[in-house]
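The structure appears right after this line, and notes come after that.
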Amino acid sequence: MEKILNNRPPFENAIFRYRSTKALLGEFKELENQSIYFSPPQDLNDPMEGLRQVYWHGDKITWRNLIRHYVICLCYQYQSYLIARDVVSLERQGIFVHCDLDKLPKPQARKLYDECLSAVEKLGTFTALHEYLSEADREIGHSELLYLLNFVHLLWLSAVQQVFFQFELVPEKPTQDPDPKPIADALRALAKVNRQLRKDHPGESLDKFTEAQSQTQEQMWLIIKANSNVPEHPNRSALLSEYPQQYLRDVMQLVFPQWYVACFSLRHDNAAMWGYYADGHNGCCLVFKPTIKNGNHLIRMKGRNDYGPIGSFHSFQEFPLEEVRYSSETPNLEFFRNISQYNQSDLKRIWFQSSEGQTSDLAKHLNMENFQAWRKGYWENYRISLLRKLTDWKHEEESRVILTDSMLQHGEDSNRVYSYDFNDLEGIIFGTKVTQSDKLKIIYTVGSKMEEQQRVQPFKFFQAKHNQRNGKMDAVHMDLLRFELEQPHLSGPT
(Lines give C-alpha, C1' and ligand atoms only; values in the text may rest on other atoms or scores of the structure.)
Protein backbone atom coordinates (compact mmCIF):
# COMPACT_ATOMS: atom_id res chain seq x y z
CA MET A 1 0.00 0.00 0.00
CA GLU A 2 1.40 3.39 -0.98
CA LYS A 3 1.82 5.74 1.91
CA ILE A 4 0.92 9.21 0.73
CA LEU A 5 2.26 12.39 2.28
CA ASN A 6 -0.29 15.15 2.45
CA ASN A 7 -0.68 18.21 4.62
CA ARG A 8 -2.93 16.29 7.01
CA PRO A 9 -1.94 14.09 9.96
CA PRO A 10 0.73 13.09 10.60
CA PHE A 11 2.00 16.08 8.59
CA GLU A 12 -0.67 18.66 9.36
CA ASN A 13 1.94 21.16 10.56
CA ALA A 14 4.46 20.52 7.78
CA ILE A 15 5.91 23.35 5.73
CA PHE A 16 7.60 22.79 2.36
CA ARG A 17 10.48 24.37 0.48
CA TYR A 18 11.20 23.53 -3.17
CA ARG A 19 14.84 23.39 -4.27
CA SER A 20 16.84 22.26 -7.29
CA THR A 21 19.39 19.46 -6.86
CA LYS A 22 21.99 21.97 -8.06
CA ALA A 23 21.19 24.18 -5.08
CA LEU A 24 21.13 21.25 -2.65
CA LEU A 25 24.28 19.49 -3.87
CA GLY A 26 26.17 21.97 -6.06
CA GLU A 27 28.18 25.09 -5.34
CA PHE A 28 26.21 26.20 -2.29
CA LYS A 29 25.71 22.69 -0.80
CA GLU A 30 22.48 23.77 0.85
CA LEU A 31 21.71 20.30 2.20
CA GLU A 32 25.14 19.73 3.69
CA ASN A 33 25.27 23.25 5.12
CA GLN A 34 21.59 23.24 6.15
CA SER A 35 21.43 26.65 4.53
CA ILE A 36 18.56 28.94 3.60
CA TYR A 37 19.21 32.08 1.59
CA PHE A 38 17.13 35.22 2.16
CA SER A 39 16.38 36.87 -1.19
CA PRO A 40 16.04 40.63 -1.79
CA PRO A 41 12.62 41.70 -3.14
CA GLN A 42 13.98 42.41 -6.65
CA ASP A 43 14.88 38.72 -7.01
CA LEU A 44 11.39 37.45 -6.18
CA ASN A 45 8.97 36.22 -8.82
CA ASP A 46 6.22 38.78 -8.26
CA PRO A 47 7.31 42.24 -9.51
CA MET A 48 4.66 43.76 -7.23
CA GLU A 49 6.38 42.40 -4.08
CA GLY A 50 6.20 44.91 -1.25
CA LEU A 51 4.61 47.42 -3.58
CA ARG A 52 2.76 50.30 -2.02
CA GLN A 53 0.77 52.94 -3.85
CA VAL A 54 3.08 55.78 -2.85
CA TYR A 55 2.02 59.39 -2.99
CA TRP A 56 3.55 62.64 -1.78
CA HIS A 57 1.61 65.39 0.00
CA GLY A 58 4.13 67.98 1.09
CA ASP A 59 4.55 71.66 1.81
CA LYS A 60 7.20 74.19 0.77
CA ILE A 61 9.77 72.88 3.24
CA THR A 62 9.40 69.15 2.56
CA TRP A 63 9.17 69.54 -1.23
CA ARG A 64 12.30 71.69 -1.30
CA ASN A 65 14.15 69.13 0.79
CA LEU A 66 13.04 66.31 -1.51
CA ILE A 67 14.29 68.15 -4.61
CA ARG A 68 17.59 68.94 -2.89
CA HIS A 69 17.91 65.30 -1.85
CA TYR A 70 17.38 64.28 -5.48
CA VAL A 71 20.26 66.53 -6.55
CA ILE A 72 22.56 65.36 -3.74
CA CYS A 73 21.96 61.74 -4.71
CA LEU A 74 22.52 62.66 -8.36
CA CYS A 75 25.94 64.10 -7.45
CA TYR A 76 26.82 60.90 -5.62
CA GLN A 77 25.61 58.76 -8.52
CA TYR A 78 27.58 60.79 -11.06
CA GLN A 79 30.66 60.44 -8.88
CA SER A 80 30.06 56.67 -8.76
CA TYR A 81 29.69 56.65 -12.54
CA LEU A 82 33.07 58.36 -12.99
CA ILE A 83 34.71 55.81 -10.72
CA ALA A 84 32.87 52.67 -11.82
CA ARG A 85 32.39 53.30 -15.54
CA ASP A 86 31.14 49.89 -16.71
CA VAL A 87 33.05 47.78 -14.18
CA VAL A 88 30.32 47.96 -11.52
CA SER A 89 26.63 48.05 -12.46
CA LEU A 90 25.05 51.27 -11.17
CA GLU A 91 21.61 49.73 -11.58
CA ARG A 92 22.52 46.76 -9.43
CA GLN A 93 24.40 48.92 -6.94
CA GLY A 94 21.47 51.28 -6.57
CA ILE A 95 21.38 54.90 -5.47
CA PHE A 96 22.90 55.86 -2.14
CA VAL A 97 19.83 57.57 -0.71
CA HIS A 98 21.34 57.83 2.80
CA CYS A 99 23.74 60.53 1.64
CA ASP A 100 23.80 63.44 4.15
CA LEU A 101 25.66 66.69 3.41
CA ASP A 102 26.47 67.29 7.06
CA LYS A 103 28.14 63.89 7.35
CA LEU A 104 30.33 63.87 4.26
CA PRO A 105 33.81 62.66 5.27
CA LYS A 106 35.84 65.54 3.79
CA PRO A 107 35.25 69.31 3.52
CA GLN A 108 36.22 69.16 -0.17
CA ALA A 109 33.30 66.80 -0.80
CA ARG A 110 30.93 69.13 1.06
CA LYS A 111 32.13 72.06 -1.04
CA LEU A 112 31.64 70.08 -4.27
CA TYR A 113 28.10 69.05 -3.36
CA ASP A 114 27.20 72.56 -2.15
CA GLU A 115 28.35 73.99 -5.49
CA CYS A 116 26.28 71.40 -7.39
CA LEU A 117 23.20 72.28 -5.34
CA SER A 118 23.77 75.96 -5.86
CA ALA A 119 24.17 75.49 -9.62
CA VAL A 120 20.87 73.59 -9.86
CA GLU A 121 18.99 75.96 -7.55
CA LYS A 122 19.99 78.93 -9.72
CA LEU A 123 18.20 77.37 -12.67
CA GLY A 124 14.67 78.55 -13.24
CA THR A 125 13.54 74.95 -13.42
CA PHE A 126 14.32 74.39 -9.74
CA THR A 127 12.05 77.24 -8.70
CA ALA A 128 9.38 76.28 -11.23
CA LEU A 129 9.29 72.66 -10.06
CA HIS A 130 9.25 73.70 -6.40
CA GLU A 131 6.32 76.04 -7.07
CA TYR A 132 4.46 73.35 -9.04
CA LEU A 133 4.75 70.84 -6.19
CA SER A 134 4.31 73.05 -3.13
CA GLU A 135 1.39 75.06 -4.57
CA ALA A 136 -0.48 71.94 -5.71
CA ASP A 137 -1.58 71.22 -2.12
CA ARG A 138 -2.76 67.76 -3.08
CA GLU A 139 -1.56 64.19 -3.39
CA ILE A 140 1.14 63.82 -6.05
CA GLY A 141 1.25 60.26 -7.41
CA HIS A 142 4.30 58.30 -8.52
CA SER A 143 3.67 58.70 -12.24
CA GLU A 144 3.22 62.48 -11.96
CA LEU A 145 6.39 62.97 -9.93
CA LEU A 146 8.33 60.70 -12.27
CA TYR A 147 7.14 62.70 -15.27
CA LEU A 148 8.24 65.96 -13.63
CA LEU A 149 11.68 64.63 -12.67
CA ASN A 150 12.20 63.29 -16.18
CA PHE A 151 11.32 66.75 -17.43
CA VAL A 152 14.21 68.45 -15.57
CA HIS A 153 16.69 65.60 -15.14
CA LEU A 154 19.04 66.09 -18.10
CA LEU A 155 19.28 69.82 -17.43
CA TRP A 156 20.18 69.23 -13.78
CA LEU A 157 22.65 66.50 -14.65
CA SER A 158 24.33 68.89 -17.08
CA ALA A 159 24.65 71.49 -14.28
CA VAL A 160 26.25 68.87 -12.02
CA GLN A 161 28.69 67.87 -14.76
CA GLN A 162 29.73 71.50 -15.23
CA VAL A 163 30.58 71.78 -11.53
CA PHE A 164 32.59 68.54 -11.61
CA PHE A 165 34.55 69.99 -14.54
CA GLN A 166 35.21 73.20 -12.59
CA PHE A 167 36.61 71.05 -9.77
CA GLU A 168 38.84 69.31 -12.37
CA LEU A 169 37.19 65.95 -11.73
CA VAL A 170 36.43 65.31 -15.41
CA PRO A 171 39.00 65.81 -18.21
CA GLU A 172 36.70 67.30 -20.86
CA LYS A 173 34.30 70.19 -20.57
CA PRO A 174 30.70 69.02 -20.85
CA THR A 175 28.51 70.36 -23.63
CA GLN A 176 26.89 73.73 -23.06
CA ASP A 177 23.88 73.72 -20.77
CA PRO A 178 20.54 73.88 -22.61
CA ASP A 179 18.44 76.95 -21.98
CA PRO A 180 16.39 76.31 -18.82
CA LYS A 181 13.77 78.99 -19.56
CA PRO A 182 11.60 76.96 -22.00
CA ILE A 183 11.51 74.06 -19.54
CA ALA A 184 10.62 76.35 -16.62
CA ASP A 185 7.89 77.98 -18.72
CA ALA A 186 6.57 74.54 -19.68
CA LEU A 187 6.40 73.50 -16.01
CA ARG A 188 4.40 76.58 -15.12
CA ALA A 189 2.09 76.03 -18.07
CA LEU A 190 1.63 72.41 -17.04
CA ALA A 191 0.76 73.47 -13.50
CA LYS A 192 -1.88 75.79 -14.91
CA VAL A 193 -3.32 73.02 -17.10
CA ASN A 194 -3.45 70.63 -14.16
CA ARG A 195 -5.24 73.18 -12.00
CA GLN A 196 -7.85 73.52 -14.72
CA LEU A 197 -8.18 69.73 -15.05
CA ARG A 198 -8.74 69.48 -11.31
CA LYS A 199 -11.36 72.19 -11.52
CA ASP A 200 -13.17 70.57 -14.44
CA HIS A 201 -12.90 67.05 -13.03
CA PRO A 202 -12.92 67.35 -9.21
CA GLY A 203 -11.93 64.25 -7.29
CA GLU A 204 -10.22 62.60 -10.25
CA SER A 205 -6.54 61.70 -10.19
CA LEU A 206 -4.06 63.03 -12.71
CA ASP A 207 -2.27 59.68 -12.79
CA LYS A 208 -3.74 58.55 -16.12
CA PHE A 209 -2.73 61.82 -17.74
CA THR A 210 0.83 61.75 -16.39
CA GLU A 211 1.21 58.02 -17.12
CA ALA A 212 0.45 58.74 -20.78
CA GLN A 213 2.98 61.58 -20.73
CA SER A 214 5.62 59.34 -19.13
CA GLN A 215 5.06 56.67 -21.76
CA THR A 216 5.50 59.29 -24.48
CA GLN A 217 8.74 60.45 -22.85
CA GLU A 218 10.10 56.91 -22.77
CA GLN A 219 9.10 56.15 -26.37
CA MET A 220 10.73 59.36 -27.64
CA TRP A 221 13.92 58.48 -25.77
CA LEU A 222 13.95 55.00 -27.28
CA ILE A 223 13.36 56.40 -30.78
CA ILE A 224 16.26 58.84 -30.39
CA LYS A 225 18.63 56.14 -29.12
CA ALA A 226 17.52 53.60 -31.73
CA ASN A 227 18.09 56.09 -34.56
CA SER A 228 21.52 57.05 -33.24
CA ASN A 229 22.85 53.51 -33.91
CA VAL A 230 25.24 54.00 -30.98
CA PRO A 231 25.18 51.20 -28.38
CA GLU A 232 24.10 52.51 -25.00
CA HIS A 233 26.43 51.56 -22.13
CA PRO A 234 24.35 50.30 -19.18
CA ASN A 235 25.84 52.71 -16.64
CA ARG A 236 25.46 55.68 -18.96
CA SER A 237 21.85 54.71 -19.54
CA ALA A 238 21.33 54.34 -15.78
CA LEU A 239 22.59 57.88 -15.27
CA LEU A 240 20.93 59.61 -18.24
CA SER A 241 17.55 57.98 -18.66
CA GLU A 242 16.85 55.64 -15.75
CA TYR A 243 17.97 57.73 -12.79
CA PRO A 244 14.59 59.41 -12.01
CA GLN A 245 12.80 56.04 -11.97
CA GLN A 246 15.52 54.41 -9.91
CA TYR A 247 15.57 57.32 -7.46
CA LEU A 248 11.84 57.03 -6.78
CA ARG A 249 12.28 53.30 -6.21
CA ASP A 250 15.40 53.49 -4.03
CA VAL A 251 14.27 56.46 -1.96
CA MET A 252 11.71 54.12 -0.40
CA GLN A 253 14.63 52.71 1.60
CA LEU A 254 14.20 55.82 3.75
CA VAL A 255 10.62 54.83 4.55
CA PHE A 256 10.94 51.18 5.46
CA PRO A 257 14.11 49.24 6.26
CA GLN A 258 15.51 46.89 3.65
CA TRP A 259 13.95 43.46 3.87
CA TYR A 260 14.69 39.97 2.62
CA VAL A 261 12.60 36.84 2.50
CA ALA A 262 12.87 33.06 2.65
CA CYS A 263 9.89 31.39 0.99
CA PHE A 264 8.02 28.24 2.01
CA SER A 265 4.71 26.72 0.98
CA LEU A 266 1.84 24.97 2.72
CA ARG A 267 1.61 22.50 -0.17
CA HIS A 268 3.84 20.01 -1.94
CA ASP A 269 1.36 18.75 -4.53
CA ASN A 270 1.21 21.47 -7.20
CA ALA A 271 2.82 20.37 -10.47
CA ALA A 272 3.40 23.96 -11.63
CA MET A 273 5.34 24.74 -8.46
CA TRP A 274 7.45 21.62 -8.97
CA GLY A 275 8.14 22.81 -12.49
CA TYR A 276 8.97 26.39 -11.54
CA TYR A 277 10.76 26.11 -8.19
CA ALA A 278 12.23 22.60 -8.39
CA ASP A 279 13.97 22.82 -11.76
CA GLY A 280 11.25 21.20 -13.86
CA HIS A 281 10.71 18.29 -11.41
CA ASN A 282 14.47 17.60 -11.36
CA GLY A 283 14.68 19.00 -7.84
CA CYS A 284 13.34 18.17 -4.41
CA CYS A 285 10.92 19.44 -1.82
CA LEU A 286 12.21 19.76 1.74
CA VAL A 287 9.71 18.89 4.48
CA PHE A 288 10.08 20.97 7.64
CA LYS A 289 8.26 20.53 10.93
CA PRO A 290 7.98 23.97 12.56
CA THR A 291 7.69 24.55 16.29
CA ILE A 292 4.30 25.80 17.47
CA LYS A 293 4.14 28.32 20.31
CA ASN A 294 1.00 30.22 21.27
CA GLY A 295 -0.53 29.35 17.90
CA ASN A 296 2.47 30.70 15.97
CA HIS A 297 4.55 28.52 13.65
CA LEU A 298 8.27 29.07 14.18
CA ILE A 299 11.41 27.80 12.51
CA ARG A 300 14.84 27.91 14.14
CA MET A 301 17.69 29.36 12.09
CA LYS A 302 21.19 30.49 12.88
CA GLY A 303 22.73 33.50 11.16
CA ARG A 304 24.27 36.89 11.57
CA ASN A 305 22.45 38.34 14.52
CA ASP A 306 24.10 41.46 15.88
CA TYR A 307 27.36 43.14 16.72
CA GLY A 308 29.26 42.49 19.92
CA PRO A 309 32.48 43.91 21.37
CA ILE A 310 34.61 41.90 18.94
CA GLY A 311 32.39 42.11 15.87
CA SER A 312 29.31 40.32 14.58
CA PHE A 313 28.17 37.02 16.08
CA HIS A 314 25.86 34.22 14.96
CA SER A 315 23.16 32.58 17.04
CA PHE A 316 19.96 30.57 16.67
CA GLN A 317 16.70 32.52 16.61
CA GLU A 318 13.09 31.48 16.26
CA PHE A 319 11.60 33.12 13.17
CA PRO A 320 7.83 33.27 12.66
CA LEU A 321 6.42 31.71 9.49
CA GLU A 322 3.84 34.20 8.26
CA GLU A 323 1.14 33.41 5.72
CA VAL A 324 0.94 35.53 2.57
CA ARG A 325 -2.38 37.20 1.76
CA TYR A 326 -3.44 37.42 -1.88
CA SER A 327 -5.17 40.52 -3.15
CA SER A 328 -5.33 42.78 -6.21
CA GLU A 329 -5.44 45.83 -3.95
CA THR A 330 -2.31 47.87 -3.26
CA PRO A 331 -1.94 49.58 0.13
CA ASN A 332 -1.54 53.37 0.03
CA LEU A 333 1.40 55.12 1.64
CA GLU A 334 2.20 58.81 2.07
CA PHE A 335 5.97 59.35 1.74
CA PHE A 336 6.87 62.30 3.96
CA ARG A 337 4.97 61.12 7.05
CA ASN A 338 6.53 57.67 6.85
CA ILE A 339 10.24 58.51 6.51
CA SER A 340 11.86 56.70 9.41
CA GLN A 341 15.40 55.52 8.67
CA TYR A 342 17.08 58.28 10.66
CA ASN A 343 17.35 59.23 14.28
CA GLN A 344 14.76 61.86 15.17
CA SER A 345 17.09 64.86 15.16
CA ASP A 346 18.52 64.01 11.71
CA LEU A 347 15.04 63.27 10.37
CA LYS A 348 13.79 66.70 11.37
CA ARG A 349 16.93 68.45 10.13
CA ILE A 350 17.10 66.79 6.71
CA TRP A 351 13.43 66.54 5.79
CA PHE A 352 11.31 68.84 7.95
CA GLN A 353 13.40 71.97 8.46
CA SER A 354 14.19 74.83 6.11
CA SER A 355 17.65 76.31 5.71
CA GLU A 356 16.43 79.14 8.00
CA GLY A 357 15.54 76.64 10.74
CA GLN A 358 11.75 76.67 10.32
CA THR A 359 10.02 73.35 11.04
CA SER A 360 7.30 71.99 8.76
CA ASP A 361 3.83 71.40 10.18
CA LEU A 362 4.11 67.89 8.69
CA ALA A 363 6.56 66.96 11.47
CA LYS A 364 3.88 66.84 14.17
CA HIS A 365 3.97 63.05 14.25
CA LEU A 366 7.53 63.30 15.59
CA ASN A 367 6.45 65.22 18.69
CA MET A 368 6.70 63.32 21.97
CA GLU A 369 2.93 63.04 22.49
CA ASN A 370 2.31 61.63 18.99
CA PHE A 371 5.38 59.53 18.36
CA GLN A 372 4.42 56.22 19.99
CA ALA A 373 1.05 56.01 18.24
CA TRP A 374 2.70 56.86 14.91
CA ARG A 375 5.39 54.22 15.47
CA LYS A 376 2.83 51.51 16.18
CA GLY A 377 0.91 52.25 12.99
CA TYR A 378 4.15 52.46 11.04
CA TRP A 379 5.20 48.87 11.86
CA GLU A 380 1.70 47.54 11.17
CA ASN A 381 1.80 49.09 7.68
CA TYR A 382 5.29 47.72 7.12
CA ARG A 383 4.32 44.08 7.63
CA ILE A 384 1.04 44.27 5.73
CA SER A 385 2.71 45.10 2.42
CA LEU A 386 5.42 42.44 2.82
CA LEU A 387 2.80 39.71 3.27
CA ARG A 388 0.72 40.60 0.23
CA LYS A 389 0.93 39.20 -3.32
CA LEU A 390 -1.29 39.37 -6.36
CA THR A 391 -4.13 36.84 -6.58
CA ASP A 392 -2.38 35.18 -9.57
CA TRP A 393 -0.02 33.54 -7.03
CA LYS A 394 -2.75 32.26 -4.72
CA HIS A 395 -2.12 28.63 -5.69
CA GLU A 396 1.27 28.77 -3.94
CA GLU A 397 -0.22 29.07 -0.43
CA GLU A 398 3.05 30.71 0.59
CA SER A 399 4.40 31.26 4.06
CA ARG A 400 7.53 33.29 4.50
CA VAL A 401 10.16 34.34 6.96
CA ILE A 402 10.97 38.05 6.76
CA LEU A 403 14.43 39.32 7.64
CA THR A 404 14.34 43.03 8.48
CA ASP A 405 17.65 44.84 8.02
CA SER A 406 17.25 47.93 10.20
CA MET A 407 20.98 47.97 11.04
CA LEU A 408 22.11 47.52 7.39
CA GLN A 409 24.13 44.43 8.26
CA HIS A 410 22.67 42.03 5.68
CA GLY A 411 23.52 43.80 2.44
CA GLU A 412 26.10 41.23 1.37
CA ASP A 413 24.71 37.94 0.03
CA SER A 414 26.86 35.96 2.48
CA ASN A 415 25.25 37.77 5.43
CA ARG A 416 21.84 36.50 4.38
CA VAL A 417 22.66 32.80 4.44
CA TYR A 418 21.18 31.20 7.57
CA SER A 419 21.35 27.57 8.69
CA TYR A 420 18.34 25.68 9.96
CA ASP A 421 18.26 23.13 12.76
CA PHE A 422 18.68 19.72 11.09
CA ASN A 423 16.20 18.24 13.57
CA ASP A 424 13.50 20.45 12.01
CA LEU A 425 14.02 18.84 8.58
CA GLU A 426 11.64 15.89 8.72
CA GLY A 427 12.16 14.54 5.23
CA ILE A 428 12.79 15.09 1.53
CA ILE A 429 10.49 14.49 -1.44
CA PHE A 430 12.33 13.54 -4.65
CA GLY A 431 11.00 15.11 -7.85
CA THR A 432 9.82 12.79 -10.61
CA LYS A 433 12.95 13.46 -12.71
CA VAL A 434 15.65 13.26 -10.03
CA THR A 435 18.35 10.83 -11.15
CA GLN A 436 19.38 7.78 -9.15
CA SER A 437 22.83 9.33 -8.83
CA ASP A 438 21.47 12.50 -7.23
CA LYS A 439 19.18 10.50 -4.96
CA LEU A 440 22.19 8.55 -3.69
CA LYS A 441 24.15 11.76 -3.10
CA ILE A 442 21.26 13.17 -1.09
CA ILE A 443 20.89 9.95 0.90
CA TYR A 444 24.63 9.86 1.67
CA THR A 445 24.57 13.51 2.76
CA VAL A 446 21.61 12.91 5.06
CA GLY A 447 23.29 9.82 6.53
CA SER A 448 26.47 11.74 7.20
CA LYS A 449 24.53 14.48 8.96
CA MET A 450 22.56 11.98 11.02
CA GLU A 451 25.82 10.55 12.31
CA GLU A 452 27.50 13.91 12.76
CA GLN A 453 24.64 15.34 14.82
CA GLN A 454 23.69 12.09 16.56
CA ARG A 455 20.10 12.53 15.45
CA VAL A 456 17.74 9.90 16.84
CA GLN A 457 14.40 10.81 15.26
CA PRO A 458 13.81 9.10 11.89
CA PHE A 459 14.38 10.84 8.57
CA LYS A 460 11.87 10.10 5.79
CA PHE A 461 12.26 9.98 2.01
CA PHE A 462 9.39 10.30 -0.43
CA GLN A 463 8.94 10.03 -4.17
CA ALA A 464 6.75 12.55 -5.99
CA LYS A 465 4.26 10.87 -8.30
CA HIS A 466 1.60 12.35 -10.56
CA ASN A 467 -1.90 11.37 -9.48
CA GLN A 468 -3.93 10.90 -12.66
CA ARG A 469 -7.21 10.99 -10.78
CA ASN A 470 -6.89 14.50 -9.33
CA GLY A 471 -3.97 15.94 -11.31
CA LYS A 472 -1.90 16.64 -8.19
CA MET A 473 1.55 15.45 -7.17
CA ASP A 474 1.38 12.76 -4.51
CA ALA A 475 4.35 11.96 -2.28
CA VAL A 476 4.87 8.22 -1.85
CA HIS A 477 6.67 7.28 1.34
CA MET A 478 9.80 5.25 0.48
CA ASP A 479 9.44 3.32 3.72
CA LEU A 480 12.15 0.77 2.92
CA LEU A 481 14.69 3.60 3.05
CA ARG A 482 15.11 4.23 6.75
CA PHE A 483 17.91 5.08 9.11
CA GLU A 484 18.22 2.98 12.23
CA LEU A 485 17.96 5.02 15.39
CA GLU A 486 21.04 3.43 16.98
CA GLN A 487 23.18 3.41 13.84
CA PRO A 488 22.64 6.21 11.32
CA HIS A 489 22.87 4.00 8.24
CA LEU A 490 20.23 2.79 5.83
CA SER A 491 18.58 -0.52 6.41
CA GLY A 492 16.01 -2.41 4.37
CA PRO A 493 13.50 -5.07 5.36
CA THR A 494 14.74 -7.91 7.52
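Residues in the C-alpha coordinates are named by chain (A, B, ... in the order shown) and by number from 1 within that chain; ligands are numbered from 1 in the order shown.
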
Using 7 Å as the limit and counting only C-alpha atoms, can you tabulate each residue of stretch 53-136 of chain A that touches stretch 166-183 of chain A, with its shortest atom-to-atom distance in Å and the two atoms involved, as a tab-separated table?
residue	atom	partner	partner_atom	distance
A:Leu123	CA	A:Pro180	CA	6.5
A:Gly124	CA	A:Pro180	CA	6.3
A:Thr125	CA	A:Pro180	CA	6.2

Exercise. Name the residues in contact with stretch 28-39 of chain A at a cut-off of 6 Å, using only C-alpha atoms, excluding same-chain residues fewer than 4 positions from it; report them as a PyMOL selection string.
Key: chain A and resi 24+260-262+416-420

Within 9 Å of A:Ile350 using only C-alpha atoms, minus same-chain residues under 4 positions, as a CSV table (one decimal) with all heavy atoms, in the first residue's frame:
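Output (selection.csv):
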chain,number,residue,atom,x,y,z
A,65,ASN,N,13.2,70.1,0.3
A,65,ASN,CA,14.1,69.1,0.8
A,65,ASN,C,14.2,67.9,-0.1
A,65,ASN,O,15.3,67.3,-0.3
A,65,ASN,CB,13.8,68.8,2.2
A,65,ASN,CG,14.2,69.9,3.2
A,65,ASN,OD1,15.0,70.7,2.9
A,65,ASN,ND2,13.5,70.0,4.3
A,69,HIS,N,17.4,66.7,-2.1
A,69,HIS,CA,17.9,65.3,-1.9
A,69,HIS,C,18.1,64.6,-3.2
A,69,HIS,O,19.1,63.9,-3.4
A,69,HIS,CB,16.9,64.5,-1.0
A,69,HIS,CG,17.3,63.2,-0.6
A,69,HIS,ND1,16.9,62.0,-1.3
A,69,HIS,CD2,18.2,62.7,0.3
A,69,HIS,CE1,17.4,61.0,-0.8
A,69,HIS,NE2,18.2,61.3,0.2
A,100,ASP,N,24.1,62.3,3.3
A,100,ASP,CA,23.8,63.4,4.1
A,100,ASP,C,24.9,64.5,4.0
A,100,ASP,O,26.1,64.1,4.4
A,100,ASP,CB,23.6,63.0,5.6
A,100,ASP,CG,23.3,64.1,6.6
A,100,ASP,OD1,23.2,65.2,6.1
A,100,ASP,OD2,23.1,63.8,7.8
A,345,SER,N,16.5,63.5,15.4
A,345,SER,CA,17.1,64.9,15.2
A,345,SER,C,17.5,65.0,13.7
A,345,SER,O,17.3,66.0,13.1
A,345,SER,CB,18.3,65.1,16.1
A,345,SER,OG,19.3,64.1,15.9
A,346,ASP,N,18.1,63.9,13.1
A,346,ASP,CA,18.5,64.0,11.7
A,346,ASP,C,17.3,64.0,10.8
A,346,ASP,O,17.3,64.7,9.8
A,346,ASP,CB,19.4,62.8,11.4
A,346,ASP,CG,20.8,62.9,11.9
A,346,ASP,OD1,21.2,64.1,12.3
A,346,ASP,OD2,21.5,61.9,11.9
A,354,SER,N,13.7,74.0,7.2
A,354,SER,CA,14.2,74.8,6.1
A,354,SER,C,15.6,75.2,6.4
A,354,SER,O,16.1,75.0,7.6
A,354,SER,CB,13.3,76.1,5.9
A,354,SER,OG,13.4,76.9,7.1

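Here atom CA of A:Val88 and atom CA of A:His233 stand 11.9 Å from one another.
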
Self-check item: Distance query stretch 423-440 of chain A at most 7 Å, only C-alpha atoms, self and fewer than 3 positions along chain excluded, as a list in words
Solution: His281, Asn282, Gly283, Cys284, Cys285, Leu286, Val287, Phe288, Lys289, Pro290, Ile443, Tyr444, Phe459, Lys460, Phe461, Phe462, Gln463, Ala464, Lys465 and Ala475 of chain A

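Using only C-alpha atoms for every distance, the candidate list A:Thr445, A:Gln219, A:Gln161, A:Gln409 yields A:Gln219 as the residue closest to A:Ser241.
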
Exercise. For each of A:Leu157, A:Ala128, A:Ile292, A:Leu146, take the minimum atom-to-atom distance to A:Ala184, counting only C-alpha atoms, then give the residue where this is smallest.
Key: A:Ala128

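Interatomic distance, atom CA of A:His395 against atom CA of A:Ala14: 17.0 Å.
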
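Nearest to A:Ser118 of all the residues A:Gln162, A:Asn150, A:Ser80, A:Asn296 is A:Gln162, counting only C-alpha atoms.
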
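Minimum atom-to-atom distances from A:Leu248, A:Leu362, A:Val163, A:Leu480 to A:Gly58 were compared using only C-alpha atoms, and the lowest value belongs to A:Leu362.
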
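Each of A:Val456, A:Cys73, A:Leu266, A:Ala119 was compared to A:Asp250 using only C-alpha atoms, and A:Cys73 turns out to be the nearest.
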
Self-check item: Selection near stretch 89-96 of chain A, 9 Å with only C-alpha atoms, sequence-local residues under 5 positions removed, as a PyMOL selection string
Solution: chain A and resi 73-74+76-77+80-81+84+234-236+238-239+242-243+246-247+250-251

Practice problem: Mind checking which residues fall within 10 Å of A:Asp269, counting only C-alpha atoms, ignoring those fewer than 2 positions away in the same chain, and posting them as a list in words? | Solution: Leu5, Asn6, Asn7, Leu266, Arg267, Ala271, Ala272, Met273, Trp274, Cys285, Ala464, Lys465, His466, Asn467, Gly471, Lys472, Met473, Asp474 and Ala475 of chain A

Exercise. Give me, please, the distance in Å between atom CA of A:Arg400 and atom CA of A:Val324, quoted to one decimal.
Key: 7.2 Å

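Each of A:Val401, A:Leu481, A:Ala278, A:Leu197 was compared to A:Phe264 using only C-alpha atoms, and A:Val401 turns out to be the nearest.
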